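Student: Got a file for you: start.txt, compact mmCIF, C-alpha atoms.
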# COMPACT_ATOMS: atom_id res chain seq x y z
CA MET A 102 10.89 60.03 18.54
CA GLY A 103 8.36 60.14 15.74
CA ASP A 104 4.72 59.97 14.86
CA VAL A 105 2.88 56.69 15.10
CA SER A 106 0.47 55.15 12.59
CA ASP A 107 -3.31 55.34 12.92
CA GLU A 108 -3.33 51.64 13.77
CA VAL A 109 -0.89 52.07 16.65
CA LEU A 110 -2.76 55.15 17.91
CA GLY A 111 -5.96 53.08 17.97
CA HIS A 112 -4.25 50.32 19.96
CA VAL A 113 -2.99 52.84 22.50
CA HIS A 114 -6.42 54.47 22.85
CA ARG A 115 -7.96 51.05 23.51
CA LEU A 116 -5.33 50.19 26.13
CA TYR A 117 -5.65 53.43 28.09
CA GLY A 118 -9.43 53.55 27.66
CA ALA A 119 -9.68 50.18 29.38
CA GLN A 120 -6.91 50.35 31.97
CA SER A 121 -8.37 52.61 34.69
CA HIS A 122 -11.71 50.77 34.68
CA ARG A 123 -9.79 47.64 35.60
CA ILE A 124 -7.98 48.92 38.70
CA ASP A 125 -10.89 51.15 39.77
CA GLY A 126 -13.30 48.24 39.31
CA GLY A 127 -11.25 45.86 41.45
CA ARG A 128 -10.10 43.70 38.52
CA ALA A 129 -6.51 43.39 39.72
CA GLN A 130 -5.43 40.59 37.36
CA GLU A 131 -6.77 42.42 34.32
CA TRP A 132 -5.06 45.64 35.36
CA ALA A 133 -1.76 43.84 35.82
CA ALA A 134 -2.19 42.36 32.32
CA THR A 135 -1.85 45.86 30.82
CA PHE A 136 1.81 45.57 31.85
CA THR A 137 4.39 43.09 30.52
CA PRO A 138 5.18 40.11 32.80
CA ASP A 139 8.25 42.02 34.02
CA GLY A 140 6.41 45.36 34.03
CA GLU A 141 7.36 48.11 36.47
CA PHE A 142 5.19 50.68 38.22
CA TRP A 143 7.01 53.56 39.88
CA SER A 144 5.14 56.20 41.86
CA PRO A 145 6.25 58.63 44.58
CA SER A 146 2.91 57.95 46.32
CA TYR A 147 4.19 54.49 47.27
CA PRO A 148 7.40 53.54 49.09
CA GLU A 149 8.73 51.18 46.42
CA PRO A 150 7.95 50.15 42.86
CA ALA A 151 5.79 47.15 41.94
CA VAL A 152 7.74 44.92 39.57
CA GLY A 153 6.35 41.87 37.80
CA THR A 154 2.84 40.50 37.43
CA ALA A 155 2.49 39.14 40.98
CA ALA A 156 3.56 42.44 42.55
CA LEU A 157 1.32 44.42 40.21
CA VAL A 158 -1.69 42.26 41.10
CA ALA A 159 -0.93 42.67 44.81
CA PHE A 160 -0.62 46.44 44.33
CA ALA A 161 -4.04 46.65 42.67
CA GLU A 162 -5.58 44.45 45.36
CA ARG A 163 -4.18 46.69 48.12
CA PHE A 164 -5.53 49.72 46.26
CA ALA A 165 -9.05 48.23 46.18
CA ALA A 166 -8.86 47.13 49.82
CA ALA A 167 -7.79 50.61 50.94
CA ASP A 168 -10.76 52.13 49.08
CA GLU A 169 -13.13 49.61 50.64
CA GLN A 170 -11.78 50.23 54.14
CA ALA A 171 -11.94 54.02 53.78
CA GLY A 172 -15.49 53.91 52.38
CA THR A 173 -14.35 55.79 49.29
CA ARG A 174 -14.29 55.31 45.53
CA THR A 175 -11.12 56.32 43.76
CA ARG A 176 -10.96 56.94 40.01
CA HIS A 177 -7.93 57.28 37.75
CA VAL A 178 -8.96 59.90 35.18
CA ILE A 179 -6.62 59.78 32.17
CA THR A 180 -6.41 62.59 29.59
CA ASN A 181 -3.98 64.25 27.15
CA LEU A 182 -2.44 61.08 25.70
CA ASP A 183 0.73 61.89 23.77
CA VAL A 184 1.99 58.89 21.81
CA ALA A 185 5.41 58.71 20.15
CA SER A 186 7.48 55.94 18.65
CA ALA A 187 10.67 55.38 20.60
CA ASP A 188 14.01 54.13 19.40
CA GLY A 189 13.80 50.46 18.56
CA ALA A 190 10.37 48.89 18.45
CA GLY A 191 8.78 50.64 21.41
CA LEU A 192 6.47 53.52 22.19
CA VAL A 193 6.59 56.31 24.74
CA VAL A 194 3.19 57.45 26.00
CA ARG A 195 2.71 60.48 28.21
CA GLY A 196 -0.51 61.48 29.89
CA TYR A 197 -2.21 63.35 32.67
CA LEU A 198 -3.70 61.33 35.50
CA GLN A 199 -6.11 62.87 37.96
CA ILE A 200 -6.91 60.94 41.12
CA VAL A 201 -10.55 61.68 42.03
CA VAL A 202 -11.84 60.44 45.39
CA THR A 203 -15.49 60.31 46.47
CA GLU A 204 -16.79 59.47 49.90
CA ALA A 205 -19.98 57.43 50.19
CA GLY A 206 -22.75 60.00 50.60
CA GLY A 207 -20.17 62.78 50.38
CA ALA A 208 -18.33 65.05 48.01
CA SER A 209 -15.99 64.25 45.13
CA ARG A 210 -12.60 65.88 45.11
CA LEU A 211 -9.47 66.03 43.01
CA ALA A 212 -7.13 64.35 45.46
CA ARG A 213 -4.02 64.51 43.33
CA MET A 214 -2.81 65.72 39.95
CA THR A 215 -0.11 63.55 38.44
CA THR A 216 1.56 62.85 35.10
CA PHE A 217 2.96 59.60 33.79
CA ILE A 218 5.53 58.47 31.25
CA ASP A 219 5.13 54.90 30.02
CA ASP A 220 7.45 52.76 27.93
CA LEU A 221 5.46 50.28 25.83
CA VAL A 222 6.48 47.19 23.91
CA ARG A 223 4.49 44.88 21.64
CA LEU A 224 3.97 41.40 23.03
CA ASP A 225 1.91 38.72 21.29
CA GLY A 226 0.40 41.38 19.05
CA ARG A 227 -0.66 43.66 21.91
CA TRP A 228 0.96 46.79 23.27
CA ARG A 229 1.77 46.53 26.95
CA ILE A 230 3.44 48.78 29.49
CA ARG A 231 7.02 47.80 30.27
CA ARG A 232 7.58 50.64 32.71
CA ARG A 233 5.36 53.38 34.15
CA VAL A 234 6.79 56.32 36.04
CA VAL A 235 4.28 58.58 37.80
CA ARG A 236 5.16 62.06 38.99
CA ARG A 237 3.07 64.15 41.38
CA ASP A 238 2.47 67.79 40.62
CA ASP A 239 2.90 68.62 44.32
CA GLU A 240 6.52 67.44 44.29
CA PRO A 241 8.97 70.32 44.71
CA ARG A 242 10.63 71.16 41.40
CA MET B 1211 -17.01 40.97 24.55
CA GLY B 1212 -14.22 41.71 22.13
CA ASP B 1213 -12.12 44.40 20.54
CA VAL B 1214 -13.65 46.71 18.00
CA SER B 1215 -12.21 47.81 14.65
CA ASP B 1216 -10.44 51.13 14.13
CA GLU B 1217 -13.45 52.29 12.12
CA VAL B 1218 -15.88 51.59 14.96
CA LEU B 1219 -13.53 53.17 17.52
CA GLY B 1220 -13.46 56.32 15.37
CA HIS B 1221 -17.26 56.42 15.21
CA VAL B 1222 -17.48 56.11 18.98
CA HIS B 1223 -14.90 58.85 19.56
CA ARG B 1224 -16.89 61.17 17.26
CA LEU B 1225 -20.16 60.42 19.06
CA TYR B 1226 -18.82 61.00 22.57
CA GLY B 1227 -16.69 63.96 21.48
CA ALA B 1228 -19.82 65.71 20.26
CA GLN B 1229 -22.42 64.61 22.78
CA SER B 1230 -21.64 66.75 25.84
CA HIS B 1231 -21.31 69.92 23.77
CA ARG B 1232 -24.90 69.38 22.68
CA ILE B 1233 -26.54 69.13 26.10
CA ASP B 1234 -24.19 71.68 27.70
CA GLY B 1235 -24.82 74.07 24.81
CA GLY B 1236 -28.58 73.87 25.08
CA ARG B 1237 -29.06 71.89 21.85
CA ALA B 1238 -31.63 69.51 23.31
CA GLN B 1239 -32.81 67.97 20.01
CA GLU B 1240 -29.26 67.24 18.89
CA TRP B 1241 -28.41 65.67 22.24
CA ALA B 1242 -31.50 63.47 22.09
CA ALA B 1243 -30.43 62.39 18.58
CA THR B 1244 -27.36 60.66 20.07
CA PHE B 1245 -29.89 58.13 21.42
CA THR B 1246 -32.12 55.79 19.42
CA PRO B 1247 -35.78 56.84 19.08
CA ASP B 1248 -36.60 54.46 21.95
CA GLY B 1249 -33.41 55.35 23.84
CA GLU B 1250 -33.29 55.21 27.63
CA PHE B 1251 -31.39 57.41 30.09
CA TRP B 1252 -31.18 56.12 33.66
CA SER B 1253 -29.53 58.16 36.39
CA PRO B 1254 -29.85 58.09 40.19
CA SER B 1255 -29.65 61.90 40.13
CA TYR B 1256 -33.17 61.98 38.66
CA PRO B 1257 -36.35 60.37 39.99
CA GLU B 1258 -37.17 58.40 36.84
CA PRO B 1259 -35.60 57.48 33.52
CA ALA B 1260 -36.13 59.44 30.32
CA VAL B 1261 -37.34 57.07 27.60
CA GLY B 1262 -37.83 57.97 23.96
CA THR B 1263 -36.90 61.03 21.94
CA ALA B 1264 -39.58 63.36 23.32
CA ALA B 1265 -38.67 62.58 26.93
CA LEU B 1266 -34.95 62.93 26.19
CA VAL B 1267 -35.48 66.35 24.58
CA ALA B 1268 -37.56 67.45 27.57
CA PHE B 1269 -34.86 66.19 29.93
CA ALA B 1270 -32.16 68.21 28.15
CA GLU B 1271 -34.39 71.30 28.09
CA ARG B 1272 -35.01 71.02 31.85
CA PHE B 1273 -31.27 70.64 32.37
CA ALA B 1274 -30.56 73.88 30.45
CA ALA B 1275 -33.38 75.74 32.21
CA ALA B 1276 -32.09 74.71 35.63
CA ASP B 1277 -28.61 75.99 34.73
CA GLU B 1278 -30.05 79.26 33.49
CA GLN B 1279 -32.16 79.72 36.61
CA ALA B 1280 -29.28 78.94 38.96
CA GLY B 1281 -26.89 81.25 37.10
CA THR B 1282 -24.48 78.39 36.58
CA ARG B 1283 -22.79 76.58 33.70
CA THR B 1284 -22.66 72.82 33.94
CA ARG B 1285 -20.27 70.70 31.86
CA HIS B 1286 -20.28 66.96 31.27
CA VAL B 1287 -16.60 66.03 31.11
CA ILE B 1288 -16.17 62.58 29.53
CA THR B 1289 -12.95 60.56 29.78
CA ASN B 1290 -11.64 56.97 29.84
CA LEU B 1291 -13.79 55.58 27.01
CA ASP B 1292 -13.71 51.78 27.01
CA VAL B 1293 -15.33 50.35 23.88
CA ALA B 1294 -16.18 46.67 23.44
CA SER B 1295 -18.29 44.75 20.97
CA ALA B 1296 -21.24 43.10 22.66
CA ASP B 1297 -23.06 39.92 21.73
CA GLY B 1298 -25.04 40.40 18.56
CA ALA B 1299 -24.42 43.59 16.61
CA GLY B 1300 -24.07 46.05 19.48
CA LEU B 1301 -21.40 47.82 21.47
CA VAL B 1302 -20.91 48.42 25.16
CA VAL B 1303 -19.16 51.70 26.01
CA ARG B 1304 -18.03 52.59 29.52
CA GLY B 1305 -16.69 55.94 30.58
CA TYR B 1306 -16.09 58.40 33.38
CA LEU B 1307 -18.31 61.45 33.55
CA GLN B 1308 -17.41 64.41 35.73
CA ILE B 1309 -20.05 67.04 36.35
CA VAL B 1310 -18.29 70.40 36.63
CA VAL B 1311 -20.34 73.42 37.74
CA THR B 1312 -19.27 77.05 37.53
CA GLU B 1313 -21.09 80.04 38.98
CA ALA B 1314 -21.11 83.27 37.00
CA GLY B 1315 -18.22 85.29 38.43
CA GLY B 1316 -17.42 82.46 40.82
CA ALA B 1317 -15.46 79.28 41.21
CA SER B 1318 -15.58 76.03 39.23
CA ARG B 1319 -16.07 72.82 41.16
CA LEU B 1320 -16.32 69.11 40.57
CA ALA B 1321 -19.94 68.70 41.62
CA ARG B 1322 -20.18 64.96 41.02
CA MET B 1323 -18.09 62.04 39.83
CA THR B 1324 -20.07 59.43 37.94
CA THR B 1325 -19.56 56.50 35.58
CA PHE B 1326 -21.79 55.31 32.75
CA ILE B 1327 -22.42 52.11 30.85
CA ASP B 1328 -24.02 52.55 27.44
CA ASP B 1329 -25.49 49.99 25.06
CA LEU B 1330 -25.11 51.14 21.46
CA VAL B 1331 -26.72 49.94 18.23
CA ARG B 1332 -26.14 50.95 14.63
CA LEU B 1333 -29.05 52.76 13.03
CA ASP B 1334 -28.98 54.18 9.50
CA GLY B 1335 -25.21 53.81 9.48
CA ARG B 1336 -24.65 55.67 12.76
CA TRP B 1337 -24.00 54.35 16.22
CA ARG B 1338 -26.53 55.54 18.75
CA ILE B 1339 -27.16 54.95 22.43
CA ARG B 1340 -29.97 52.52 23.11
CA ARG B 1341 -29.59 52.68 26.89
CA ARG B 1342 -27.42 54.71 29.24
CA VAL B 1343 -27.09 53.85 32.91
CA VAL B 1344 -25.28 56.39 35.09
CA ARG B 1345 -23.94 55.55 38.53
CA ARG B 1346 -22.77 58.09 41.10
CA ASP B 1347 -19.56 57.48 42.99
CA ASP B 1348 -21.17 58.78 46.16
CA GLU B 1349 -23.73 55.96 46.17
CA PRO B 1350 -23.15 53.52 49.03
CA ARG B 1351 -21.57 50.31 47.74
CA MET C 1466 -20.03 71.36 8.81
CA GLY C 1467 -19.58 67.65 8.34
CA ASP C 1468 -17.87 64.55 9.63
CA VAL C 1469 -14.16 64.11 9.15
CA SER C 1470 -12.29 61.02 7.98
CA ASP C 1471 -10.57 58.59 10.34
CA GLU C 1472 -7.24 59.90 9.09
CA VAL C 1473 -8.09 63.51 9.96
CA LEU C 1474 -9.50 62.48 13.34
CA GLY C 1475 -6.21 60.72 14.07
CA HIS C 1476 -4.22 63.83 13.15
CA VAL C 1477 -6.36 65.95 15.45
CA HIS C 1478 -6.01 63.50 18.34
CA ARG C 1479 -2.23 63.58 17.94
CA LEU C 1480 -2.14 67.40 17.87
CA TYR C 1481 -4.28 67.88 20.98
CA GLY C 1482 -2.67 64.95 22.78
CA ALA C 1483 0.71 66.65 22.44
CA GLN C 1484 -0.17 70.32 22.77
CA SER C 1485 -0.73 70.75 26.53
CA HIS C 1486 2.43 68.81 27.41
CA ARG C 1487 4.37 71.41 25.45
CA ILE C 1488 3.14 74.54 27.22
CA ASP C 1489 2.90 72.82 30.62
CA GLY C 1490 6.40 71.43 30.17
CA GLY C 1491 7.95 74.78 29.35
CA ARG C 1492 8.54 74.00 25.66
CA ALA C 1493 7.35 77.36 24.39
CA GLN C 1494 8.63 77.04 20.81
CA GLU C 1495 7.02 73.63 20.37
CA TRP C 1496 3.73 74.88 21.75
CA ALA C 1497 3.78 77.87 19.39
CA ALA C 1498 4.41 75.43 16.50
CA THR C 1499 0.94 73.93 17.03
CA PHE C 1500 -0.33 77.24 15.60
CA THR C 1501 0.21 78.60 12.09
CA PRO C 1502 2.89 81.32 11.74
CA ASP C 1503 0.07 83.90 11.84
CA GLY C 1504 -1.87 81.97 14.48
CA GLU C 1505 -4.06 83.77 17.02
CA PHE C 1506 -4.79 82.96 20.65
CA TRP C 1507 -7.72 84.79 22.22
CA SER C 1508 -8.58 84.37 25.89
CA PRO C 1509 -10.54 86.53 28.34
CA SER C 1510 -7.95 85.57 30.99
CA TYR C 1511 -5.41 87.81 29.22
CA PRO C 1512 -5.72 91.47 28.26
CA GLU C 1513 -4.99 91.00 24.57
CA PRO C 1514 -4.59 88.20 22.04
CA ALA C 1515 -1.23 86.67 21.10
CA VAL C 1516 -0.83 86.82 17.32
CA GLY C 1517 2.00 85.24 15.35
CA THR C 1518 4.77 82.83 16.34
CA ALA C 1519 6.92 85.32 18.26
CA ALA C 1520 3.99 86.50 20.39
CA LEU C 1521 2.84 82.92 20.99
CA VAL C 1522 6.32 81.89 22.15
CA ALA C 1523 6.47 84.91 24.46
CA PHE C 1524 3.02 84.04 25.84
CA ALA C 1525 4.10 80.48 26.65
CA GLU C 1526 7.32 81.72 28.24
CA ARG C 1527 5.40 84.15 30.46
CA PHE C 1528 3.07 81.33 31.42
CA ALA C 1529 6.00 79.14 32.53
CA ALA C 1530 7.68 82.02 34.37
CA ALA C 1531 4.49 82.83 36.27
CA ASP C 1532 4.19 79.19 37.36
CA GLU C 1533 7.82 79.15 38.46
CA GLN C 1534 7.46 82.37 40.40
CA ALA C 1535 4.26 81.26 42.14
CA GLY C 1536 5.74 77.86 43.04
CA THR C 1537 2.87 76.13 41.28
CA ARG C 1538 2.37 73.65 38.45
CA THR C 1539 -0.43 74.41 36.03
CA ARG C 1540 -1.91 71.79 33.70
CA HIS C 1541 -4.17 72.25 30.69
CA VAL C 1542 -6.50 69.24 30.79
CA ILE C 1543 -8.23 68.78 27.43
CA THR C 1544 -11.29 66.58 26.95
CA ASN C 1545 -14.45 66.23 24.81
CA LEU C 1546 -12.84 66.92 21.42
CA ASP C 1547 -15.50 67.61 18.79
CA VAL C 1548 -14.03 67.72 15.28
CA ALA C 1549 -15.91 68.97 12.22
CA SER C 1550 -14.91 69.92 8.71
CA ALA C 1551 -15.52 73.57 8.04
CA ASP C 1552 -16.34 75.31 4.79
CA GLY C 1553 -13.33 75.30 2.50
CA ALA C 1554 -10.38 73.17 3.52
CA GLY C 1555 -10.40 73.79 7.26
CA LEU C 1556 -11.54 72.16 10.47
CA VAL C 1557 -13.37 73.45 13.51
CA VAL C 1558 -12.40 71.74 16.78
CA ARG C 1559 -14.21 72.35 20.04
CA GLY C 1560 -13.14 71.07 23.41
CA TYR C 1561 -13.24 71.46 27.16
CA LEU C 1562 -10.15 72.80 28.88
CA GLN C 1563 -9.73 72.53 32.63
CA ILE C 1564 -6.97 74.56 34.27
CA VAL C 1565 -5.65 72.53 37.20
CA VAL C 1566 -3.18 74.20 39.57
CA THR C 1567 -1.06 72.46 42.21
CA GLU C 1568 1.09 74.12 44.84
CA ALA C 1569 4.40 72.51 45.72
CA GLY C 1570 3.65 70.37 48.78
CA GLY C 1571 0.02 71.45 48.62
CA ALA C 1572 -3.35 70.62 47.14
CA SER C 1573 -4.46 70.41 43.52
CA ARG C 1574 -7.49 72.41 42.48
CA LEU C 1575 -9.61 73.08 39.44
CA ALA C 1576 -8.72 76.74 39.01
CA ARG C 1577 -10.86 77.39 35.96
CA MET C 1578 -13.26 75.63 33.61
CA THR C 1579 -13.07 76.87 30.04
CA THR C 1580 -14.06 75.85 26.53
CA PHE C 1581 -12.29 76.57 23.26
CA ILE C 1582 -13.17 76.81 19.59
CA ASP C 1583 -10.25 76.38 17.20
CA ASP C 1584 -10.03 76.96 13.46
CA LEU C 1585 -7.47 74.63 11.89
CA VAL C 1586 -5.80 74.62 8.51
CA ARG C 1587 -3.43 72.14 6.89
CA LEU C 1588 0.08 73.45 6.38
CA ASP C 1589 2.94 71.35 4.99
CA GLY C 1590 0.90 68.22 5.60
CA ARG C 1591 0.14 69.01 9.26
CA TRP C 1592 -2.96 70.44 10.84
CA ARG C 1593 -2.29 73.59 12.79
CA ILE C 1594 -4.39 76.07 14.73
CA ARG C 1595 -5.10 79.28 12.83
CA ARG C 1596 -7.19 80.80 15.59
CA ARG C 1597 -8.10 79.73 19.13
CA VAL C 1598 -10.84 81.43 21.09
CA VAL C 1599 -11.12 80.47 24.77
CA ARG C 1600 -14.21 81.20 26.83
CA ARG C 1601 -14.41 81.00 30.61
CA ASP C 1602 -17.39 79.35 32.24
CA ASP C 1603 -17.43 82.03 34.93
CA GLU C 1604 -18.17 84.76 32.37
CA PRO C 1605 -21.68 86.17 32.76
CA ARG C 1606 -23.97 84.88 30.02
Using the file provided, produce a representation of the structure as structure tokens.

Tutor:
Amino acid sequence: MGDVSDEVLGHVHRLYGAQSHRIDGGRAQEWAATFTPDGEFWSPSYPEPAVGTAALVAFAERFAAADEQAGTRTRHVITNLDVASADGAGLVVRGYLQIVVTEAGGASRLARMTTFIDDLVRLDGRWRIRRRVVRRDDEPR
Amino acid sequence: MGDVSDEVLGHVHRLYGAQSHRIDGGRAQEWAATFTPDGEFWSPSYPEPAVGTAALVAFAERFAAADEQAGTRTRHVITNLDVASADGAGLVVRGYLQIVVTEAGGASRLARMTTFIDDLVRLDGRWRIRRRVVRRDDEPR
Amino acid sequence: MGDVSDEVLGHVHRLYGAQSHRIDGGRAQEWAATFTPDGEFWSPSYPEPAVGTAALVAFAERFAAADEQAGTRTRHVITNLDVASADGAGLVVRGYLQIVVTEAGGASRLARMTTFIDDLVRLDGRWRIRRRVVRRDDEPR
């Protein structure tokens, strides 16, 4: 794995800067569009992965509905982006992802500390996530 | 709204990288200078907006005095910067803003989770905030 | 102190994007390599500074061992990077550093809010940390 160019780093910063606002703001289609059409989302917080645009949209819609029903706002706080070129034409991006939950009229709390490893590919001139794997820090080692 | 150039993205990262250190470090004038001379700061945590350099300086000075009096340190933790070009010559920048408060000799806590939407304009070659609107996640939907 | 070029800003973002993953992931040698061979790490959380590669490696190894022994995962969450050119050929980088600790099967918590000031120099074409000084927000003023 090697360093990436300034141009690629800029693309990645744009992608991750925008992504959380989409799912946290209820824009399920736009969030799903940060993945490739066959994109995969794997997380131990959910029983099975979401694979493909339709499943990713449904995942984001369920996320928003759960927030609405619970009377909470959930934010995906992304930091510490580590970007490397992978073998072939792809990228590997690692980051920290804090899940922050706030109750209406109540307190905000760090609900969960997680990390992710994403495989990215370039599609129609834009970098998109081919596969995201989330790990929870509370998982036994 | 559209993508911004690498150059503009760099300018925005510099501005937001520096801004919180200014207000959290008691440099009220320098914080106010991240806004235009007629800049506006709207937040539901305060009874009325601060408008214009003098009011913004006074706001930052009150913020520092309150921290001093309470024996706390307050940090404005900014993440998830989403930068888009607006109609005309401006930018719209969205971000997450965590308010982290620490008591002298005591614990640190996430006091408040908020989001902001900023309108930026270029003035004398530098991007500055024309209008910031903060929203609290604990506000009822 | 003055503004830095886009190229330098990119280098700094790469360095800080990668650094925490190294110490938090148990890669002590790679973490120590983000410092110069005579690099210094000063923190009030530890009785004395770590100076030089061997001491920095040992520091990172002790950090990982302590986490292992306590059954916790500790993350260094870095935000609000403020990059300035210093006198001479160096850089001064300031940032916020949240220490987030998670127990296996338990909750995640913000254990400590800190800030850092780093002096960087360019060595063999790469920016490295010559001296890091961490301050804790719970220190009396």

Student: Dump as a PyMOL selection string the residues of chain B that approach chain A to within 9 Å, counting all atoms listed in the file.

Tutor: chain B and resi 1213+1215-1216+1219-1220+1289-1293+1304-1306+1319-1323+1347-1351

Student: Of the candidates B:Asp1329, B:Asp1277, B:Asp1334, B:Asp1248, which one gets nearest to Ala1260 (chain B) if we count only C-alpha atoms?

Tutor: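 Among B:Asp1329, B:Asp1277, B:Asp1334, B:Asp1248, it is B:Asp1248 that comes nearest to Ala1260 (chain B).
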
Student: Could you jot down the CA of Val234 (chain A) to CA of Gly126 (chain A) separation for me, Å, one decimal place?

Tutor: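 CA of Gly126 (chain A) lies at a distance of 21.9 Å from CA of Val234 (chain A).
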
Student: If you measure from CA of Val1469 (chain C) to CA of Arg1587 (chain C), what distance in Å do you get, rounded to one decimal?

Tutor: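 Interatomic distance, CA of Val1469 (chain C) to CA of Arg1587 (chain C): 13.6 Å.
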
Student: What gap, in Å, lies between CA of Ala133 (chain A) and CA of Leu1301 (chain B)?

Tutor: 24.6 Å

Student: Name all residues at most 8 Å from Gly1491 (chain C) (count all atoms listed in the file; drop same-chain ones fewer than 2 positions away) and give them as a list in words.

Tutor: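 Final neighbour list, sorted by chain and number: Arg1487, Ile1488, Asp1489, Ala1493, Ala1525, Glu1526 and Ala1529 of chain C.
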
Student: Taking the partial coordinates given, rebuild region 1568-1574 of chain C to contain all heavy atoms; return it as a PDB file, keeping the file's coordinate frame.

Tutor:
ATOM      1  N   GLU C1568      -0.008  73.479  44.122  1.00  0.00           N
ATOM      2  CA  GLU C1568       1.090  74.120  44.840  1.00  0.00           C
ATOM      3  C   GLU C1568       2.105  73.071  45.268  1.00  0.00           C
ATOM      4  O   GLU C1568       1.722  71.959  45.633  1.00  0.00           O
ATOM      5  CB  GLU C1568       0.569  74.809  46.099  1.00  0.00           C
ATOM      6  CG  GLU C1568      -0.289  76.021  45.824  1.00  0.00           C
ATOM      7  CD  GLU C1568      -0.977  76.485  47.091  1.00  0.00           C
ATOM      8  OE1 GLU C1568      -0.272  76.760  48.079  1.00  0.00           O
ATOM      9  OE2 GLU C1568      -2.216  76.540  47.091  1.00  0.00           O
ATOM     10  N   ALA C1569       3.373  73.430  45.234  1.00  0.00           N
ATOM     11  CA  ALA C1569       4.400  72.510  45.720  1.00  0.00           C
ATOM     12  C   ALA C1569       4.080  72.142  47.173  1.00  0.00           C
ATOM     13  O   ALA C1569       3.895  73.015  48.017  1.00  0.00           O
ATOM     14  CB  ALA C1569       5.773  73.160  45.635  1.00  0.00           C
ATOM     15  N   GLY C1570       3.966  70.848  47.440  1.00  0.00           N
ATOM     16  CA  GLY C1570       3.650  70.370  48.780  1.00  0.00           C
ATOM     17  C   GLY C1570       2.217  70.613  49.203  1.00  0.00           C
ATOM     18  O   GLY C1570       1.842  70.356  50.351  1.00  0.00           O
ATOM     19  N   GLY C1571       1.398  71.090  48.267  1.00  0.00           N
ATOM     20  CA  GLY C1571       0.020  71.450  48.620  1.00  0.00           C
ATOM     21  C   GLY C1571      -1.018  70.715  47.786  1.00  0.00           C
ATOM     22  O   GLY C1571      -0.734  69.700  47.149  1.00  0.00           O
ATOM     23  N   ALA C1572      -2.214  71.265  47.791  1.00  0.00           N
ATOM     24  CA  ALA C1572      -3.350  70.620  47.140  1.00  0.00           C
ATOM     25  C   ALA C1572      -3.434  70.984  45.664  1.00  0.00           C
ATOM     26  O   ALA C1572      -2.882  71.988  45.215  1.00  0.00           O
ATOM     27  CB  ALA C1572      -4.641  71.033  47.847  1.00  0.00           C
ATOM     28  N   SER C1573      -4.127  70.131  44.913  1.00  0.00           N
ATOM     29  CA  SER C1573      -4.460  70.410  43.520  1.00  0.00           C
ATOM     30  C   SER C1573      -5.888  70.934  43.465  1.00  0.00           C
ATOM     31  O   SER C1573      -6.748  70.482  44.205  1.00  0.00           O
ATOM     32  CB  SER C1573      -4.381  69.125  42.681  1.00  0.00           C
ATOM     33  OG  SER C1573      -3.068  68.629  42.645  1.00  0.00           O
ATOM     34  N   ARG C1574      -6.123  71.892  42.586  1.00  0.00           N
ATOM     35  CA  ARG C1574      -7.490  72.410  42.480  1.00  0.00           C
ATOM     36  C   ARG C1574      -7.813  72.786  41.047  1.00  0.00           C
ATOM     37  O   ARG C1574      -6.946  73.148  40.261  1.00  0.00           O
ATOM     38  CB  ARG C1574      -7.674  73.641  43.388  1.00  0.00           C
ATOM     39  CG  ARG C1574      -6.866  74.820  42.957  1.00  0.00           C
ATOM     40  CD  ARG C1574      -6.835  75.921  44.013  1.00  0.00           C
ATOM     41  NE  ARG C1574      -5.925  76.955  43.569  1.00  0.00           N
ATOM     42  CZ  ARG C1574      -6.259  77.961  42.746  1.00  0.00           C
ATOM     43  NH1 ARG C1574      -7.500  78.067  42.298  1.00  0.00           N
ATOM     44  NH2 ARG C1574      -5.371  78.844  42.345  1.00  0.00           N
TER      45      ARG C1574
END
